[in-house]
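Comments concern the structure below.
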Amino acid sequence: MTASVLILAAVTAQRLVELAIARRNTARLRARGAVEVASGHYSLIVGLHAAWIAGLWAFGWDRPPSLAWLAAYLGLQVLRVWVMASLGERWTTRVLILPGEPLVRRGPYRFFSHPNYLVVAGEIAVLPMVFGMGLYALAFSLLNAAVLWIRIRAENAALASSRSP
C-alpha cells in the first residue's frame with residue numbers, strides 16, 4: 001500500500017467515524033427538543049464532501065504525498081478536534097437549534113463564530129495539495145465557499161431568530 005492510499009484511507013475512516021458521531025449527537029439533541037432548520041442545503045454539503053473524497057481517491061491515490069502539506073493538514077486536524085471537543089454533543093453536521101440553550105462560547109468559539117467551517121475550508125484546500133492537486137483544491141474550495149455562503153447565512157438567521165423574543 002502506498003503512503004497516499006494510507007492517507008486517503010485514514011481521512012475516509014475519520015469522516016465515517018465523524019458521521020457516526022454526528023448521527024448520535026443529532027439523535028440526542030432531537031431527544032432533548034432540538035429542531036433542525038435550514039435543511040434544504042444539507043444534500044449539497046453531503047454531495048460536495050462525497051465528491052471531494054471520491055475525487056481524491058480517483059486522482060490522488062498514486063501520487064507521492066508532500067510532507068509539508070501533510071503536516072499542514074495534520075495541524076488542521078488538531079483544530080478539528082478542538083472544535084469538536086468544544087461543542088461536545090452539540091457537534092453535528094446539521095443545523096440544530098436547542099431551545100433555551102446558549103451559544104457555545106468556549107474553545108475556538110471564543111474567537112470565531114464558525115471555526116468548524118474555517119477548519120473544513122482549510123481541509124478542502126490543503127488535502128489535495130498533499131497530492132499536488134492545486135486546481136482540484138481551487139475548484140473544491142470555490143464550490144465549498146458557495147455552499148458555506150448558503151449554510152452560514154441560514155445558520156446565522158436560525159440562531160438570531162432563536163434568540164429573538
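Residue numbers start at 1 in each chain; chains themselves are named A, B, ... in the order of the C-alpha cells; ligands are numbered from 1 in the order shown.
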Picked from region 31-116 of chain A by DSSP as strand (DSSP E), as a list in words: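 Restricting region 31-116 of chain A to strand (DSSP E) produces Val35, Glu36, Leu96 and Ile97 of chain A.
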Exercise: Asp62 (chain A) partners within 10 Å, only C-alpha atoms, chain neighbours under 2 positions left out, as a PyMOL selection string: chain A and resi 1-5+57-60+64-65+131
Long-range neighbours of Thr26 (chain A) as a ChimeraX atom specification, 9 Å cut-off, only C-alpha atoms, 6 positions minimum in chain: /A:34,89-94,96
Neighbour list for region 45-55 of chain A as a list of chain:residue names, cut-off 8 Å, only C-alpha atoms, skip fewer than 4 positions in-chain: A:Thr12, A:His41, A:Phe59, A:Gly60, A:Ile124, A:Phe140, A:Leu143, A:Asn144, A:Val147
Just the selected residues (N, CA and C atoms), exported as an mmCIF file, in the first residue's frame, please.
```cif
data_model
loop_
_atom_site.group_PDB
_atom_site.id
_atom_site.type_symbol
_atom_site.label_atom_id
_atom_site.label_comp_id
_atom_site.auth_asym_id
_atom_site.auth_seq_id
_atom_site.Cartn_x
_atom_site.Cartn_y
_atom_site.Cartn_z
ATOM 1 N N THR A 12 -10.740 8.972 5.008
ATOM 2 C CA THR A 12 -12.068 8.387 4.766
ATOM 3 C C THR A 12 -12.619 7.768 6.046
ATOM 4 N N HIS A 41 -30.247 22.774 2.183
ATOM 5 C CA HIS A 41 -28.911 22.751 1.579
ATOM 6 C C HIS A 41 -28.070 21.559 2.047
ATOM 7 N N PHE A 59 -8.000 10.561 -8.214
ATOM 8 C CA PHE A 59 -6.873 11.261 -8.823
ATOM 9 C C PHE A 59 -5.612 11.323 -7.957
ATOM 10 N N GLY A 60 -5.737 11.008 -6.664
ATOM 11 C CA GLY A 60 -4.588 11.182 -5.786
ATOM 12 C C GLY A 60 -3.973 9.924 -5.217
ATOM 13 N N ILE A 124 -10.386 21.223 2.829
ATOM 14 C CA ILE A 124 -10.751 21.060 1.416
ATOM 15 C C ILE A 124 -9.665 21.630 0.510
ATOM 16 N N PHE A 140 -12.613 22.830 -5.632
ATOM 17 C CA PHE A 140 -13.441 22.434 -4.495
ATOM 18 C C PHE A 140 -13.517 23.526 -3.434
ATOM 19 N N LEU A 143 -16.309 25.739 -4.738
ATOM 20 C CA LEU A 143 -17.604 25.084 -4.510
ATOM 21 C C LEU A 143 -17.971 25.107 -3.027
ATOM 22 N N ASN A 144 -16.992 24.831 -2.175
ATOM 23 C CA ASN A 144 -17.233 24.847 -0.734
ATOM 24 C C ASN A 144 -17.617 26.248 -0.276
ATOM 25 N N VAL A 147 -21.272 26.797 -1.010
ATOM 26 C CA VAL A 147 -22.142 26.051 -0.094
ATOM 27 C C VAL A 147 -22.095 26.666 1.310
#
```
All residues 8 Å or closer to Ile97 (chain A), only C-alpha atoms, same chain fewer than 2 positions away omitted, as number ranges by chain: A: 34-37, 95, 99, 158-159, 162
Nearest candidate to Leu67 (chain A) (options A:Gly107, A:Arg151, A:Leu142, A:Met129; using only C-alpha atoms): A:Met129
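The two atoms in question, CA of Arg106 (chain A) and CA of Ala146 (chain A), are spaced 27.5 Å apart.
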Residues within 9 Å of Pro115 (chain A), only C-alpha atoms, excluding chain neighbours under 4 positions, as a list in words: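 Result of the neighbour search: Leu79, Arg80, Val83, Pro108, Tyr109, Phe111, Val119 and Val120 of chain A.
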All residues 9 Å or closer to Leu70 (chain A), only C-alpha atoms, same chain fewer than 6 positions away omitted, as a compact mmCIF listing (two decimals) with N, CA and C atoms, in the first residue's frame:
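Output (part.txt):
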```txt
# COMPACT_ATOMS: atom_id res chain seq x y z
N ILE A 7 -3.01 7.56 3.58
CA ILE A 7 -3.54 8.88 3.96
C ILE A 7 -5.02 8.97 3.61
N VAL A 126 -6.28 22.08 1.57
CA VAL A 126 -4.96 21.56 1.88
C VAL A 126 -4.79 20.08 1.49
N LEU A 127 -5.78 19.24 1.74
CA LEU A 127 -5.56 17.82 1.44
C LEU A 127 -5.25 17.56 -0.03
N MET A 129 -3.60 19.42 -1.90
CA MET A 129 -2.22 19.89 -2.08
C MET A 129 -1.21 18.85 -1.61
N VAL A 130 -1.63 17.99 -0.67
CA VAL A 130 -0.76 16.88 -0.24
C VAL A 130 -0.39 16.04 -1.45
```
Of the listed residues A:Leu98, A:Ala10, A:Leu76, A:Ala121, that which approaches Gly33 (chain A) most closely, counting only C-alpha atoms: A:Leu98
